[in-house]
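Below is one structure, written out as structure tokens; comments come after it.
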Amino acid sequence: LKVSLRIMSDLEVAVDSWARRWVGSNRIPCLSIALSVGGKLLYRGDHGGANIESKVALSGDDTFYVASCAKFLTSVAAMQLYEKGLWSLDDSVAKFIPEFADIPGVSGANGEIVPLERPILMRDLLTHTAGLCPYSFVPVLRDGRPNPFPEEMGKLRAEESLEGVSRHLARLPLVHQPGTVWEYGLGIDIVGRVVEVLSGLTLDKYLEENILGPLGMDSTCFVQHLTPEIETRLAHRYAANVPAWTADPPAFYSDEFVGLRMVPLPDHLDYVKTHGKALNAGGGIVSSVADWLKFTECVCRGGLCADGRRRILEPSTIELMSKDHLTKAC
């Protein structure tokens with residue numbers, strides 16, 4: 001990729017200006033940005049504060065709680081085992097986690113339990129169409145019903161492992177028939193348990209041996225495994241304090257709202273209290289921009305590591321992952 005110095009300079013000015021508007025207006029605490037095309041880093045910049053209260057500026061090696069980015073890592077781990085022929089998209093989840101053969105049914109419109117029309121398949125987990133209990137921050141289902149299990153996330157935190165999380169979810173009715181509705185939820189967490197069953201390793205060890213280690217992602221880990229070194233670089237978390245969220249229609253950020261737009265989250269570093277002991281395969285990791293760039297660039301290279309020798313996935317597998325697997329009904 002050939003990019004002129006003039007274009008690089010214009011890009012830097014444009015991104016810097018955009019970032020300053022968002023951070024300077026106090027809408028968000030910080031932005032750590034990397035723009036890479038074809039393996040060439042076109043822009044890298046840090047804006048705002050890692051700790052606003054202490055006036056600590058963001059630095060290039062800071063780490064962040066990156067939440068659902070964990071889904072990408074867990075899915076790639078599963079697809080590595082797919083390449084080995086250990087599972088297929090149309091396998092029933094119960095083939096690997098027997099408790100899923102005993103799901104009590106589907107919660108109906110009036111709270112009644114109706115039988116499953118078919119079992120949950122692996123493709124359902126990976127496409128958020130399994131019908132599993134949604135996240136507690138999802139108050140209303142796609143069909144307009146209230147979330148019937150708003151308290152379950154708190155109960156899941158009491159589980160000791162992904163095995164316990166899987167067993168817990170298998171005891172609950174589904175909220176939709178499998179494969180019929182896209183509903184953001186806990187499917188990838190169950191994928192993480194399948195990775196454990198098929199590999200014989202806990203998910204954290206599998207990721208370290210097969211993705212994080214080969215890519216040199218030394219600043220990426222589950223929140224339960226924060227080291228003092230990674231923790232000292234961890235940017236504080238903040239929640240948006242935007243009345244526009246409760247407006248009709250709701251909006252994330254409103255130019256009409258003036259004043260402080262962020263509030264620090266309590267228990268900033270008490271991630272075990274927040275997440276529980278079980279690894280959160282769909283939303284519980286810390287990483288850095290440099291680490292995440294290594295991972296995403298590897299995927300963009302067709303799974304080939306930067307050393308040009310090792311690979312984490314085959315190009316055909318990444319092509320399969322890039323296709324639309326949702327049916328029209330979803």
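Going through the structure tokens in order, the chains are called A, B, and so on, while each chain numbers its residues from 1 and the ligands are numbered from 1 in the order shown.
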Secondary structure check, helix (DSSP H, G or I) residues of range 73-257 of chain A, as a PyMOL selection string: chain A and resi 73-83+93-95+98-102+122-126+152-156+162-170+187-199+203-215+223-225+228-232+243-246
Spatial neighbours of range 20-30 of chain A, max dist 6 Å, only C-alpha atoms, sep filter under 2 positions, as a list in words: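 With the cut-off at 6 Å, the set is Ser17, Trp18, His47, Gly48, Gly49 and Arg261 of chain A.
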Write out the residues from the selection above, keeping N, CA and C atoms, as a compact mmCIF listing (two decimals), in the first residue's frame.
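Just written: selection-v6.txt:
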```
# COMPACT_ATOMS: atom_id res chain seq x y z
N SER A 17 -8.67 15.98 14.87
CA SER A 17 -9.74 16.96 15.04
C SER A 17 -11.03 16.29 15.49
N TRP A 18 -11.35 15.15 14.87
CA TRP A 18 -12.57 14.41 15.23
C TRP A 18 -12.48 13.92 16.68
N HIS A 47 -6.08 10.00 22.97
CA HIS A 47 -6.71 11.27 23.34
C HIS A 47 -7.48 11.09 24.63
N GLY A 48 -7.45 12.09 25.49
CA GLY A 48 -8.22 12.05 26.72
C GLY A 48 -7.47 11.43 27.87
N GLY A 49 -8.23 11.04 28.90
CA GLY A 49 -7.62 10.58 30.13
C GLY A 49 -7.92 9.14 30.46
N ARG A 261 -20.99 14.43 31.14
CA ARG A 261 -21.61 13.36 30.38
C ARG A 261 -21.11 11.98 30.80
```
Residue contacts of range 189-204 of chain A (10 Å, only C-alpha atoms) excluding same-chain residues fewer than 4 positions away, as a count of residues only: 45
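Look at Gly154 in chain A: the protein and nucleic acid residues within 12 Å of it, using only C-alpha atoms and passing over chain neighbours fewer than 2 places away, are Tyr135, Ser136, Phe137, Phe149, Pro150, Glu151, Glu152, Leu156, Arg157, Ala158, Glu159, Val165, His168, Lys273, Thr274, His275 and Gly276 of chain A.
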Selection: 9 Å around Ile312 in chain A, only C-alpha atoms, excl. self and same-chain fewer than 4 positions, as a ChimeraX atom specification: /A:76-77,80,210-211,214-215,298-299,302-305
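The nearest approach to Met321 in chain A among the residues A:Phe72, A:Tyr206, A:Trp182, A:Phe295, with only C-alpha atoms taken into account, belongs to A:Phe72.
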Option closest in space to Ser92 in chain A, from A:Pro104, A:Pro178, A:Pro228, A:Gly213 [counting only C-alpha atoms]: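 Closest residue, counting only C-alpha atoms: A:Pro178.
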Atom pair CA of Ala109 in chain A / CA of Pro173 in chain A: separation (Å):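 A separation of 12.6 Å between them.
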Residues near Thr220 in chain A, cut-off 8 Å, only C-alpha atoms, skip fewer than 6 positions along chain, as a PyMOL selection string: chain A and resi 212+285-288+291
Output file for the residues above (N, CA and C atoms, as a tab-separated table (two decimals), in the first residue's frame):
```
chain	number	residue	atom	x	y	z
A	212	LEU	N	-3.42	-16.17	21.70
A	212	LEU	CA	-2.71	-15.07	22.36
A	212	LEU	C	-1.20	-15.27	22.31
A	285	ILE	N	-12.87	-9.73	28.86
A	285	ILE	CA	-11.43	-9.66	28.70
A	285	ILE	C	-10.92	-8.22	28.74
A	286	VAL	N	-9.64	-8.13	29.02
A	286	VAL	CA	-8.90	-6.87	28.98
A	286	VAL	C	-7.86	-6.99	27.87
A	287	SER	N	-7.65	-5.91	27.13
A	287	SER	CA	-6.65	-5.95	26.05
A	287	SER	C	-6.13	-4.54	25.81
A	288	SER	N	-5.19	-4.43	24.90
A	288	SER	CA	-4.63	-3.14	24.50
A	288	SER	C	-4.85	-2.94	23.01
A	291	ASP	N	-2.33	-5.02	21.06
A	291	ASP	CA	-2.69	-6.43	21.00
A	291	ASP	C	-3.83	-6.67	20.03
```
Residue nearest Glu160 in chain A - candidates A:Val56, A:Ala50, A:Leu234, A:Ala278, atoms counted: only C-alpha atoms: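 Among the listed residues, A:Ala278 lies closest to Glu160 in chain A.
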Every residue of range 120-213 of chain A that DSSP places in strand (DSSP E or B), as number ranges by chain: A: 121, 134, 140, 146, 174, 185
File of the preceding selection, C-alpha atoms, as a short mmCIF file (atom, residue, chain, number, x, y, z; two decimals), in the first residue's frame:
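Okay, this is what ended up in selection-v4.cif:
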```cif
data_model
loop_
_atom_site.label_atom_id
_atom_site.label_comp_id
_atom_site.auth_asym_id
_atom_site.auth_seq_id
_atom_site.Cartn_x
_atom_site.Cartn_y
_atom_site.Cartn_z
CA LEU A 121 -27.40 -26.14 16.80
CA PRO A 134 -30.55 -12.57 26.89
CA VAL A 140 -37.29 -5.95 25.93
CA PRO A 146 -40.26 -8.04 28.49
CA LEU A 174 -35.55 -20.41 25.80
CA GLY A 185 -27.27 -12.99 24.39
#
```
Option closest in space to Ile33 in chain A, from A:Leu186, A:Leu293, A:Cys330, A:Cys300 [counting only C-alpha atoms]: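 Once distances to Ile33 in chain A are computed over only C-alpha atoms, the minimum belongs to A:Leu293.
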Å distance separating CA of Leu172 in chain A from CA of Arg118 in chain A, one decimal place: 16.0 Å
